[in-house]
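> My structure is in start08.txt, and what it holds is compact mmCIF, C-alpha atoms and all ligand atoms:
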# COMPACT_ATOMS: atom_id res chain seq x y z
CA MET Z 1 -20.06 55.95 25.48
CA ASP Z 2 -17.25 58.39 26.01
CA ASP Z 3 -17.00 60.49 29.15
CA ALA Z 4 -17.85 63.85 27.46
CA LEU Z 5 -21.04 62.45 26.00
CA MET Z 6 -21.93 60.84 29.31
CA ALA Z 7 -21.42 64.16 31.13
CA GLN Z 8 -23.66 65.89 28.60
CA LEU Z 9 -26.28 63.19 28.93
CA LYS Z 10 -26.27 63.40 32.69
CA GLU Z 11 -26.75 67.09 32.57
CA ARG Z 12 -29.36 67.36 29.82
CA ALA Z 13 -31.33 64.13 30.29
CA PRO Z 14 -30.60 62.58 33.67
CA GLY Z 15 -33.47 60.09 33.23
CA LEU Z 16 -31.87 58.67 30.07
CA ALA Z 17 -28.49 58.61 31.76
CA ALA Z 18 -29.96 56.45 34.53
CA LEU Z 19 -31.59 54.14 31.96
CA PHE Z 20 -28.28 53.82 30.17
CA SER Z 21 -26.37 53.00 33.36
CA ALA Z 22 -28.90 50.39 34.45
CA GLY Z 23 -29.17 48.91 30.93
CA SER Z 24 -25.47 48.71 30.28
CA LYS Z 25 -24.90 47.13 33.70
CA ALA Z 26 -27.56 44.48 33.01
CA ILE Z 27 -26.02 43.75 29.60
CA LEU Z 28 -22.46 43.51 30.86
CA ASP Z 29 -23.53 41.40 33.86
CA ALA Z 30 -25.25 38.78 31.67
CA ASP Z 31 -23.05 35.73 31.94
CA ASP Z 32 -24.70 33.55 29.35
CA LEU Z 33 -26.68 34.04 26.15
CA ALA Z 34 -30.08 33.50 27.84
CA ALA Z 35 -29.33 36.13 30.48
CA LEU Z 36 -28.16 38.49 27.75
CA GLU Z 37 -31.42 38.04 25.84
CA GLU Z 38 -33.34 38.84 29.01
CA ALA Z 39 -31.28 41.99 29.53
CA ARG Z 40 -31.79 42.97 25.90
CA VAL Z 41 -35.57 42.64 26.15
CA ALA Z 42 -35.60 44.58 29.41
CA THR Z 43 -33.52 47.49 28.09
CA LEU Z 44 -34.29 47.57 24.37
CA GLY Z 45 -37.48 45.51 23.94
CA ARG Z 46 -40.77 47.04 22.83
CA LYS Z 47 -41.93 47.43 26.40
CA SER Z 48 -38.68 48.77 27.79
CA PRO Z 49 -38.87 52.28 29.31
CA LEU Z 50 -36.40 53.55 26.72
CA VAL Z 51 -38.32 52.35 23.67
CA GLU Z 52 -41.65 53.39 25.18
CA MET Z 53 -40.24 56.82 25.78
CA LEU Z 54 -38.98 57.08 22.20
CA ARG Z 55 -42.28 55.86 20.83
CA SER Z 56 -44.28 58.42 22.73
CA ILE Z 57 -41.89 61.25 22.13
CA ASN Z 58 -44.51 63.48 20.45
CA THR Z 59 -46.57 63.45 23.60
CA LEU Z 60 -43.75 65.17 25.44
CA ASP Z 61 -43.19 68.81 26.11
CA PRO Z 62 -42.13 70.27 22.70
CA GLU Z 63 -39.04 71.81 24.27
CA GLU Z 64 -37.82 68.49 25.55
CA ARG Z 65 -38.53 66.54 22.37
CA PRO Z 66 -35.34 67.28 20.37
CA VAL Z 67 -33.11 66.67 23.37
CA LEU Z 68 -34.78 63.42 24.40
CA GLY Z 69 -35.10 62.30 20.78
CA ARG Z 70 -31.44 62.84 20.05
CA PHE Z 71 -30.08 61.43 23.32
CA GLY Z 72 -32.65 58.65 23.32
CA ASN Z 73 -31.42 57.43 19.96
CA ILE Z 74 -27.80 57.72 21.02
CA VAL Z 75 -28.52 55.67 24.14
CA ARG Z 76 -30.39 53.06 22.12
CA ARG Z 77 -27.54 52.69 19.62
CA GLU Z 78 -24.99 52.50 22.41
CA LEU Z 79 -26.97 49.83 24.22
CA GLU Z 80 -27.46 47.86 20.99
CA ALA Z 81 -23.73 47.98 20.37
CA LEU Z 82 -23.13 46.74 23.91
CA VAL Z 83 -25.53 43.82 23.38
CA GLU Z 84 -23.77 42.90 20.16
CA ALA Z 85 -20.33 43.09 21.74
CA ARG Z 86 -21.43 41.09 24.79
CA GLU Z 87 -23.03 38.47 22.59
CA ALA Z 88 -19.83 38.01 20.58
CA GLU Z 89 -17.87 37.77 23.83
CA LEU Z 90 -20.18 35.12 25.30
CA LYS Z 91 -20.16 33.09 22.09
CA ARG Z 92 -16.39 33.11 21.96
CA ALA Z 93 -16.22 32.06 25.61
CA ALA Z 94 -18.67 29.20 24.92
CA LEU Z 95 -16.59 28.06 21.94
CA ASP Z 96 -13.36 28.26 23.96
CA ALA Z 97 -14.96 26.21 26.73
CA SER Z 98 -16.17 23.51 24.38
CA LEU Z 99 -12.79 23.39 22.61
CA ALA Z 100 -11.06 23.02 25.95
CA GLY Z 101 -13.50 20.29 26.96
CA GLU Z 102 -13.07 18.37 23.74
CA ARG Z 103 -9.33 18.76 23.47
CA ILE Z 104 -7.54 15.65 22.32
CA ASP Z 105 -4.17 14.82 23.77
CA VAL Z 106 -2.35 13.57 20.74
CA THR Z 107 0.54 12.42 22.88
CA LEU Z 108 -1.60 9.80 24.64
CA PRO Z 109 -0.85 6.26 23.46
CA GLY Z 110 -3.51 5.12 20.98
CA GLN Z 111 -5.76 2.10 21.20
CA PRO Z 112 -3.62 -0.68 19.79
CA PHE Z 113 -5.28 -2.24 16.75
CA PRO Z 114 -3.92 -5.73 16.39
CA SER Z 115 -3.10 -6.53 12.80
CA GLY Z 116 -1.78 -9.82 11.52
CA HIS Z 117 0.89 -10.42 8.95
CA GLU Z 118 2.04 -13.20 6.69
CA HIS Z 119 3.48 -16.34 8.20
CA LEU Z 120 7.25 -16.59 7.85
CA ILE Z 121 6.84 -19.47 5.41
CA SER Z 122 4.65 -17.34 3.13
CA GLN Z 123 7.06 -14.42 3.46
CA THR Z 124 9.98 -16.66 2.55
CA MET Z 125 8.15 -18.04 -0.48
CA ARG Z 126 7.42 -14.52 -1.66
CA GLU Z 127 11.05 -13.53 -1.22
CA VAL Z 128 12.29 -16.50 -3.23
CA GLU Z 129 9.63 -15.92 -5.87
CA ASP Z 130 10.60 -12.25 -6.19
CA ILE Z 131 14.24 -13.12 -6.75
CA PHE Z 132 13.46 -15.47 -9.60
CA VAL Z 133 10.76 -13.25 -11.09
CA GLY Z 134 13.46 -10.56 -11.11
CA LEU Z 135 15.57 -12.92 -13.25
CA GLY Z 136 12.71 -13.29 -15.73
CA TYR Z 137 11.26 -16.58 -14.46
CA ARG Z 138 7.54 -17.26 -14.62
CA VAL Z 139 5.71 -18.67 -11.58
CA ALA Z 140 4.11 -22.04 -12.32
CA GLU Z 141 1.64 -24.09 -10.29
CA GLY Z 142 0.65 -27.71 -10.13
CA PRO Z 143 -1.76 -29.91 -8.17
CA GLU Z 144 -0.96 -31.15 -4.67
CA VAL Z 145 -2.97 -34.30 -5.31
CA GLU Z 146 -0.87 -35.68 -8.12
CA LEU Z 147 -0.68 -38.63 -10.45
CA ASP Z 148 2.02 -41.21 -9.87
CA TYR Z 149 2.98 -40.61 -13.50
CA TYR Z 150 4.05 -36.99 -12.90
CA ASN Z 151 5.43 -37.48 -9.42
CA PHE Z 152 7.59 -40.49 -10.31
CA THR Z 153 7.36 -42.18 -13.70
CA ALA Z 154 7.89 -39.16 -15.97
CA LEU Z 155 10.74 -38.15 -13.65
CA ASN Z 156 12.65 -41.30 -14.54
CA THR Z 157 11.33 -43.21 -11.55
CA PRO Z 158 9.27 -46.13 -12.93
CA PRO Z 159 7.25 -48.32 -10.57
CA SER Z 160 10.10 -50.67 -9.80
CA HIS Z 161 12.67 -47.94 -9.18
CA PRO Z 162 14.28 -48.11 -5.73
CA ALA Z 163 14.38 -44.29 -5.42
CA ARG Z 164 10.59 -44.35 -4.89
CA SER Z 165 10.96 -45.79 -1.44
CA ALA Z 166 12.91 -42.74 -0.29
CA HIS Z 167 9.83 -40.60 -0.70
CA ASP Z 168 7.54 -42.03 2.03
CA THR Z 169 4.51 -41.39 -0.11
CA PHE Z 170 0.97 -40.74 1.06
CA TRP Z 171 -1.08 -42.74 -1.42
CA VAL Z 172 -4.58 -41.54 -2.17
CA ARG Z 173 -5.39 -44.42 -4.48
CA GLU Z 174 -3.00 -47.15 -5.39
CA GLN Z 175 -3.70 -49.24 -8.44
CA ARG Z 176 -1.80 -52.30 -7.48
CA GLU Z 177 -4.61 -54.77 -6.86
CA ALA Z 178 -3.33 -57.28 -9.35
CA MET Z 179 0.15 -58.25 -10.43
CA PRO Z 180 1.91 -58.05 -12.80
CA GLU Z 181 -0.28 -55.53 -14.76
CA ALA Z 182 -0.48 -53.59 -11.55
CA VAL Z 183 3.19 -52.73 -11.82
CA VAL Z 184 2.63 -51.38 -15.31
CA ASP Z 185 -0.50 -49.60 -14.17
CA ALA Z 186 1.06 -48.10 -11.10
CA ASP Z 187 1.68 -44.78 -12.74
CA ARG Z 188 -2.06 -44.20 -12.83
CA GLY Z 189 -2.04 -44.18 -9.04
CA VAL Z 190 -2.95 -41.02 -7.17
CA LEU Z 191 -0.83 -39.57 -4.36
CA LEU Z 192 -0.03 -36.39 -2.44
CA ARG Z 193 2.94 -34.99 -4.33
CA THR Z 194 6.16 -35.78 -2.51
CA HIS Z 195 8.05 -32.93 -4.20
CA THR Z 196 7.39 -30.02 -6.56
CA SER Z 197 9.29 -31.70 -9.41
CA PRO Z 198 6.14 -33.04 -11.13
CA VAL Z 199 5.47 -29.42 -12.09
CA GLN Z 200 8.58 -29.62 -14.30
CA VAL Z 201 6.93 -32.31 -16.41
CA ARG Z 202 3.54 -30.58 -16.50
CA VAL Z 203 5.10 -27.29 -17.66
CA MET Z 204 7.21 -28.98 -20.34
CA GLU Z 205 4.14 -30.85 -21.61
CA GLN Z 206 2.33 -27.55 -22.00
CA GLN Z 207 4.95 -25.34 -23.60
CA GLU Z 208 7.90 -25.38 -25.95
CA PRO Z 209 11.35 -24.23 -24.83
CA PRO Z 210 12.64 -21.81 -23.69
CA VAL Z 211 11.33 -22.56 -20.19
CA TYR Z 212 12.21 -20.44 -17.14
CA ILE Z 213 9.88 -21.26 -14.24
CA VAL Z 214 9.73 -21.49 -10.47
CA CYS Z 215 7.05 -23.37 -8.62
CA LEU Z 216 6.44 -22.92 -4.89
CA GLY Z 217 4.09 -24.99 -2.83
CA LYS Z 218 3.21 -27.72 -0.37
CA VAL Z 219 4.56 -31.25 -0.56
CA TYR Z 220 3.80 -34.30 1.61
CA ARG Z 221 5.79 -37.17 3.03
CA ARG Z 222 5.01 -39.76 5.68
CA ASP Z 223 7.57 -38.37 8.08
CA SER Z 224 7.38 -36.69 11.46
CA ASP Z 225 10.18 -35.81 13.88
CA ALA Z 226 12.25 -32.80 14.97
CA THR Z 227 13.46 -32.17 11.44
CA HIS Z 228 10.55 -33.53 9.38
CA THR Z 229 6.86 -32.70 9.15
CA PRO Z 230 4.28 -34.59 7.06
CA MET Z 231 3.67 -31.42 5.08
CA PHE Z 232 6.35 -28.93 4.11
CA HIS Z 233 7.11 -26.49 1.31
CA GLN Z 234 9.44 -26.64 -1.63
CA VAL Z 235 10.62 -24.33 -4.38
CA GLU Z 236 11.28 -25.87 -7.75
CA GLY Z 237 13.17 -24.19 -10.53
CA LEU Z 238 13.40 -25.33 -14.13
CA VAL Z 239 15.31 -23.86 -17.07
CA VAL Z 240 15.33 -25.43 -20.54
CA ASP Z 241 16.85 -23.52 -23.42
CA GLU Z 242 19.55 -23.90 -26.04
CA GLY Z 243 23.11 -24.14 -24.70
CA ILE Z 244 22.33 -24.28 -20.96
CA THR Z 245 25.24 -25.70 -18.92
CA LEU Z 246 26.11 -26.50 -15.34
CA ALA Z 247 27.90 -23.12 -15.23
CA ASP Z 248 24.51 -21.42 -15.75
CA LEU Z 249 23.09 -23.41 -12.86
CA LYS Z 250 25.98 -22.45 -10.59
CA GLY Z 251 25.77 -18.78 -11.59
CA THR Z 252 22.04 -18.75 -10.96
CA VAL Z 253 22.34 -20.40 -7.56
CA HIS Z 254 25.18 -18.09 -6.54
CA PHE Z 255 23.09 -15.04 -7.49
CA PHE Z 256 20.13 -16.45 -5.60
CA ALA Z 257 22.23 -17.19 -2.48
CA GLU Z 258 23.55 -13.63 -2.33
CA GLU Z 259 20.11 -12.11 -2.88
CA PHE Z 260 18.43 -14.34 -0.32
CA PHE Z 261 21.05 -14.52 2.43
CA GLY Z 262 22.68 -11.16 1.69
CA GLY Z 263 26.34 -10.24 1.54
CA ASP Z 264 29.13 -11.81 -0.46
CA ARG Z 265 28.41 -15.51 -0.42
CA ALA Z 266 30.31 -18.47 -1.72
CA ILE Z 267 28.67 -21.65 -2.94
CA ARG Z 268 30.09 -25.07 -3.50
CA VAL Z 269 28.62 -28.08 -5.24
CA ARG Z 270 28.94 -31.73 -4.33
CA PRO Z 271 28.03 -34.70 -6.54
CA HIS Z 272 24.72 -36.34 -5.64
CA PHE Z 273 21.98 -38.47 -7.15
CA PHE Z 274 18.47 -37.66 -8.31
CA PRO Z 275 16.69 -39.90 -10.82
CA PHE Z 276 15.72 -36.99 -13.08
CA THR Z 277 18.95 -34.99 -13.25
CA GLU Z 278 22.28 -36.02 -14.71
CA PRO Z 279 24.68 -35.02 -13.34
CA SER Z 280 23.07 -34.27 -10.00
CA ILE Z 281 24.52 -32.03 -7.33
CA GLU Z 282 23.84 -30.70 -3.88
CA VAL Z 283 24.61 -27.04 -3.32
CA ASP Z 284 26.01 -25.52 -0.12
CA VAL Z 285 26.39 -21.88 0.84
CA ASN Z 286 29.14 -20.70 3.20
CA CYS Z 287 28.16 -20.32 6.85
CA GLU Z 288 28.39 -16.69 7.87
CA LEU Z 289 27.81 -17.29 11.58
CA CYS Z 290 31.27 -18.75 12.04
CA GLY Z 291 32.87 -17.34 8.90
CA GLY Z 292 33.57 -20.88 7.72
CA LYS Z 293 35.44 -21.96 10.87
CA GLY Z 294 32.69 -24.36 11.83
CA CYS Z 295 29.88 -23.96 14.36
CA ARG Z 296 26.79 -25.73 15.57
CA SER Z 297 24.51 -24.35 12.89
CA CYS Z 298 26.75 -25.60 10.04
CA LYS Z 299 27.50 -28.81 11.91
CA TYR Z 300 31.16 -27.76 12.09
CA SER Z 301 31.62 -27.94 8.33
CA GLY Z 302 31.56 -24.22 7.48
CA TRP Z 303 28.87 -24.93 4.87
CA LEU Z 304 25.07 -25.02 4.84
CA GLU Z 305 23.26 -27.28 2.42
CA ILE Z 306 20.59 -25.31 0.56
CA MET Z 307 19.37 -27.37 -2.36
CA GLY Z 308 19.42 -30.34 -4.65
CA ALA Z 309 19.91 -29.64 -8.34
CA GLY Z 310 21.33 -30.89 -11.58
CA MET Z 311 21.14 -30.90 -15.35
CA VAL Z 312 17.78 -32.17 -16.57
CA ASP Z 313 18.29 -35.80 -17.57
CA PRO Z 314 17.81 -35.79 -21.40
CA ASN Z 315 15.66 -38.86 -20.92
CA LEU Z 316 12.93 -36.57 -19.48
CA TYR Z 317 12.63 -34.76 -22.80
CA GLY Z 318 11.38 -38.04 -24.29
CA PHE Z 319 8.31 -37.86 -21.99
CA VAL Z 320 7.39 -34.36 -23.15
CA GLY Z 321 8.44 -34.33 -26.83
CA TYR Z 322 11.43 -31.98 -26.55
CA ASP Z 323 14.43 -32.50 -28.84
CA ALA Z 324 17.23 -33.62 -26.53
CA GLU Z 325 19.77 -32.85 -29.29
CA LYS Z 326 18.70 -29.21 -29.39
CA VAL Z 327 17.96 -28.16 -25.84
CA SER Z 328 19.47 -28.63 -22.42
CA GLY Z 329 18.47 -27.41 -18.98
CA PHE Z 330 18.85 -27.45 -15.26
CA ALA Z 331 16.51 -27.94 -12.33
CA PHE Z 332 16.81 -27.26 -8.65
CA GLY Z 333 14.69 -27.86 -5.60
CA MET Z 334 14.88 -26.53 -2.08
CA GLY Z 335 12.90 -26.65 1.13
CA VAL Z 336 11.26 -23.38 2.13
CA GLU Z 337 11.28 -24.23 5.86
CA ARG Z 338 14.98 -25.03 5.65
CA MET Z 339 15.74 -21.75 3.88
CA ALA Z 340 13.83 -19.78 6.52
CA MET Z 341 15.57 -21.69 9.35
CA LEU Z 342 19.00 -21.00 7.89
CA LYS Z 343 18.26 -17.35 7.22
CA HIS Z 344 16.76 -16.59 10.64
CA GLY Z 345 18.60 -19.09 12.85
CA ILE Z 346 15.45 -21.03 13.77
CA PRO Z 347 16.39 -24.14 15.74
CA ASP Z 348 13.30 -26.35 15.39
CA LEU Z 349 11.10 -26.99 12.36
CA ARG Z 350 8.03 -27.51 14.54
CA LEU Z 351 8.01 -23.85 15.57
CA PHE Z 352 6.55 -23.03 12.15
CA TYR Z 353 3.43 -25.06 12.80
CA GLU Z 354 2.73 -24.58 16.49
CA ASN Z 355 1.32 -21.14 15.71
CA ASP Z 356 2.62 -19.62 18.91
CA VAL Z 357 2.26 -15.89 18.29
CA ARG Z 358 5.34 -15.18 20.40
CA PHE Z 359 7.30 -16.96 17.69
CA LEU Z 360 5.32 -15.70 14.68
CA ARG Z 361 5.44 -12.10 15.82
CA GLN Z 362 9.22 -12.03 15.52
CA PHE Z 363 9.15 -12.07 11.74
N1 LIG Y 401 12.74 -33.03 -6.04
C1 LIG Y 401 13.95 -33.27 -5.32
C2 LIG Y 401 13.60 -33.70 -3.88
O1 LIG Y 401 12.54 -33.39 -3.41
C3 LIG Y 401 14.84 -32.05 -5.29
C4 LIG Y 401 15.33 -31.67 -6.64
C5 LIG Y 401 14.63 -30.81 -7.45
C6 LIG Y 401 16.52 -32.17 -7.12
C7 LIG Y 401 15.07 -30.47 -8.68
C8 LIG Y 401 17.01 -31.84 -8.36
C9 LIG Y 401 16.28 -30.99 -9.15
O2 LIG Y 401 14.37 -34.33 -3.20
Give the structure from the file, written as structure tokens.


Amino acid sequence: MDDALMAQLKERAPGLAALFSAGSKAILDADDLAALEEARVATLGRKSPLVEMLRSINTLDPEERPVLGRFGNIVRRELEALVEAREAELKRAALDASLAGERIDVTLPGQPFPSGHEHLISQTMREVEDIFVGLGYRVAEGPEVELDYYNFTALNTPPSHPARSAHDTFWVREQREAMPEAVVDADRGVLLRTHTSPVQVRVMEQQEPPVYIVCLGKVYRRDSDATHTPMFHQVEGLVVDEGITLADLKGTVHFFAEEFFGGDRAIRVRPHFFPFTEPSIEVDVNCELCGGKGCRSCKYSGWLEIMGAGMVDPNLYGFVGYDAEKVSGFAFGMGVERMAMLKHGIPDLRLFYENDVRFLRQF
């Protein structure tokens, strides 16, 4: 209420002026919504002196009626406006208080939520797989419990072949009870595959050339020391098409080496022997740690051996019904653990299987 109106009110209706002062003080003093409601009822409720006066206005002296009626209504509206304003003020204060109380400090460190990730071996397999899938290869699979026939015989390693002994095989069932049929029968034996190469034969049995596949998985040998574990992982690659040469194999391996190890890499090939490739080679990639000068990790040779490979021995095509006059191909095989060790400088194979999170977390 402005001062002029207040002055008029005081002069013409001092009783109403007193009611207004008391009422507005009660309203403004209310410091929560309940107190405000109490003040509202006391000043503006049905039984408040103001409202009772307005209700009984026609019982008043006729000369006073218009004055009290007019000022009474002004006072009521003013008080109602005060209640409304005070209510809004208290509500805003309550909201501010609860916002302040519930404020979140977004700069506080969060609750760490431990999440796992793939083992380095799985990551490495995926990386290798991606590189070959990018070259148009298909991913093939084969059983870990394998027949002697696929693991050895159809890979040019018949029962009497001396190369068998190099594989330290875990036999599941050996069919060698009786001799000499046993020797003939041996390829019906069951074993844990000693390499991924049996997948070569299985794929060729199932499809006609062209073949471009990689197979990644577990293999088993009866071996256990600092550089061997009874189970490890290999990657097998097989290409059979028309006009495939050793140059294609070298180009493919060079591309793979640069993709996998990064940078400009050099490869070199050395003659080797595998029963199912002819010629056979071992492939090395240049050691980047010492720039080829020789260091511990390359055994002072400047080169790191990464895989065995070779041209598919045409004899294999006889096992799967391919025309050796028409097609040629290459195959390669590498150890996943070895690739991961070379790439990340891991000194001991056993670290992969101890499952010490301090090691695993680093990759
Ligand atoms: N299978 C061979 C091994 O485990 C590696 C290899 C694969 C060699 C393919 C040549 C071609 O020793």

> Can you work out which residues are within 6 Å of ligand LIG 401 (chain Y), considering all atoms listed in the file, and then hand them over as a PyMOL selection string?

chain Z and resi 195+197+236+274+308-310+331-333

> Can you pull out every residue within 10 Å of range 146-155 of chain Z, counting all atoms listed in the file, but drop anything in the same chain fewer than 4 positions away, and send it as a short mmCIF file (atom, residue, chain, number, x, y, z; two decimals) with C-alpha atoms, in the coordinates of the input?


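The result, written out as result_24.cif:
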data_model
loop_
_atom_site.label_atom_id
_atom_site.label_comp_id
_atom_site.auth_asym_id
_atom_site.auth_seq_id
_atom_site.Cartn_x
_atom_site.Cartn_y
_atom_site.Cartn_z
CA GLY Z 142 0.65 -27.71 -10.13
CA PRO Z 159 7.25 -48.32 -10.57
CA SER Z 160 10.10 -50.67 -9.80
CA HIS Z 161 12.67 -47.94 -9.18
CA ALA Z 163 14.38 -44.29 -5.42
CA ARG Z 164 10.59 -44.35 -4.89
CA HIS Z 167 9.83 -40.60 -0.70
CA TRP Z 171 -1.08 -42.74 -1.42
CA VAL Z 172 -4.58 -41.54 -2.17
CA ARG Z 173 -5.39 -44.42 -4.48
CA GLU Z 174 -3.00 -47.15 -5.39
CA GLN Z 175 -3.70 -49.24 -8.44
CA ASP Z 185 -0.50 -49.60 -14.17
CA ALA Z 186 1.06 -48.10 -11.10
CA ASP Z 187 1.68 -44.78 -12.74
CA ARG Z 188 -2.06 -44.20 -12.83
CA GLY Z 189 -2.04 -44.18 -9.04
CA VAL Z 190 -2.95 -41.02 -7.17
CA LEU Z 191 -0.83 -39.57 -4.36
CA LEU Z 192 -0.03 -36.39 -2.44
CA ARG Z 193 2.94 -34.99 -4.33
CA THR Z 194 6.16 -35.78 -2.51
CA HIS Z 195 8.05 -32.93 -4.20
CA THR Z 196 7.39 -30.02 -6.56
CA SER Z 197 9.29 -31.70 -9.41
CA PRO Z 198 6.14 -33.04 -11.13
CA VAL Z 199 5.47 -29.42 -12.09
CA GLN Z 200 8.58 -29.62 -14.30
CA VAL Z 201 6.93 -32.31 -16.41
CA ARG Z 202 3.54 -30.58 -16.50
CA PHE Z 274 18.47 -37.66 -8.31
CA PRO Z 275 16.69 -39.90 -10.82
CA PHE Z 276 15.72 -36.99 -13.08
CA THR Z 277 18.95 -34.99 -13.25
CA VAL Z 312 17.78 -32.17 -16.57
CA ASP Z 313 18.29 -35.80 -17.57
CA ASN Z 315 15.66 -38.86 -20.92
CA LEU Z 316 12.93 -36.57 -19.48
CA TYR Z 317 12.63 -34.76 -22.80
CA GLY Z 318 11.38 -38.04 -24.29
CA PHE Z 319 8.31 -37.86 -21.99
CA VAL Z 320 7.39 -34.36 -23.15
#

> How far is it from CA of Tyr300 in chain Z to CA of Phe363 in chain Z, in Å with one decimal?

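For CA of Tyr300 in chain Z relative to CA of Phe363 in chain Z, the distance reads 27.0 Å.
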
> Between CA of Gly217 in chain Z and CA of Met307 in chain Z, what is the distance in Å, rounded to a tenth?

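One can read the CA of Gly217 in chain Z to CA of Met307 in chain Z distance as 15.5 Å.
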
> Can you work out which one of Z:Ala13, Z:Ala93, Z:Leu33, Z:Glu354 has the shortest atom-to-atom distance to Glu64 in chain Z, counting only C-alpha atoms?

Z:Ala13

> Report, in Å to a single decimal, how far apart CA of Lys343 in chain Z and CA of Phe260 in chain Z are.

8.1 Å

> Measuring between only C-alpha atoms, which one of Z:Val128, Z:Leu120, Z:Ile57, Z:Leu90 shows the shortest distance to Asn355 in chain Z?

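Nearest candidate to Asn355 in chain Z out of Z:Val128, Z:Leu120, Z:Ile57, Z:Leu90: Z:Leu120.
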
> Residues within 10 Å of (27.8, -25.0, -1.3), file coordinates, counting all atoms listed in the file: what are they? Give the list as a list in words.

Lys250, Val253, His254, Ala257, Arg265, Ala266, Ile267, Arg268, Val269, Arg270, Ile281, Glu282, Val283, Asp284, Val285, Asn286, Cys287, Gly302, Trp303, Leu304, Glu305, Ile306 and Met307 of chain Z

> Every residue with an atom at most 9 Å from (8.9, -27.2, 15.4) (file coordinates; all atoms listed in the file) is what I'm after, so could you write them as a PyMOL selection string?

chain Z and resi 225-229+347-354

> Go ahead and write the selection's residues with C-alpha atoms as a compact mmCIF listing (two decimals), in the frame of the given file.


# COMPACT_ATOMS: atom_id res chain seq x y z
CA ASP Z 225 10.18 -35.81 13.88
CA ALA Z 226 12.25 -32.80 14.97
CA THR Z 227 13.46 -32.17 11.44
CA HIS Z 228 10.55 -33.53 9.38
CA THR Z 229 6.86 -32.70 9.15
CA PRO Z 347 16.39 -24.14 15.74
CA ASP Z 348 13.30 -26.35 15.39
CA LEU Z 349 11.10 -26.99 12.36
CA ARG Z 350 8.03 -27.51 14.54
CA LEU Z 351 8.01 -23.85 15.57
CA PHE Z 352 6.55 -23.03 12.15
CA TYR Z 353 3.43 -25.06 12.80
CA GLU Z 354 2.73 -24.58 16.49

> Pull the closest atom pair for each residue of range 269-335 of chain Z that gets at most 9 Å from range 209-215 of chain Z, along with the distance in Å to one decimal, counting all atoms listed in the file, ordering rows by chain and then ascending residue number, as JSON lines.


{"residue": "Z:Tyr322", "atom": "CA", "partner": "Z:Pro209", "partner_atom": "CA", "distance": 7.9}
{"residue": "Z:Val327", "atom": "CA", "partner": "Z:Pro209", "partner_atom": "CA", "distance": 7.8}
{"residue": "Z:Gly329", "atom": "CA", "partner": "Z:Val211", "partner_atom": "CA", "distance": 8.7}

> Generate a file of the selected residues that holds C-alpha atoms, formatted as a PDB file, in the frame of the given file.


ATOM      1  CA  TYR Z 322      11.430 -31.980 -26.550  1.00  0.00           C
ATOM      2  CA  VAL Z 327      17.960 -28.160 -25.840  1.00  0.00           C
ATOM      3  CA  GLY Z 329      18.470 -27.410 -18.980  1.00  0.00           C
TER       4      GLY Z 329
END

> Pick the closest to Leu54 in chain Z from Z:Val75, Z:Ala324, Z:Pro162, Z:Ala35: which is it, counting only C-alpha atoms?

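So, comparing all the options, the nearest one is Z:Val75.
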
> Give the answer as one residue: which of Z:Arg338, Z:Arg65, Z:Arg361, Z:Arg222 has the shortest atom-to-atom distance to Ser297 in chain Z, using only C-alpha atoms?

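So, comparing all the options, the nearest one is Z:Arg338.
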
> Between Z:Gln206, Z:Gln234, Z:Asn73, Z:Asn156, which residue has the minimum interatomic distance to Lys218 in chain Z, considering all atoms listed in the file?

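With all atoms listed in the file as the atom set, the closest residue is Z:Gln234.
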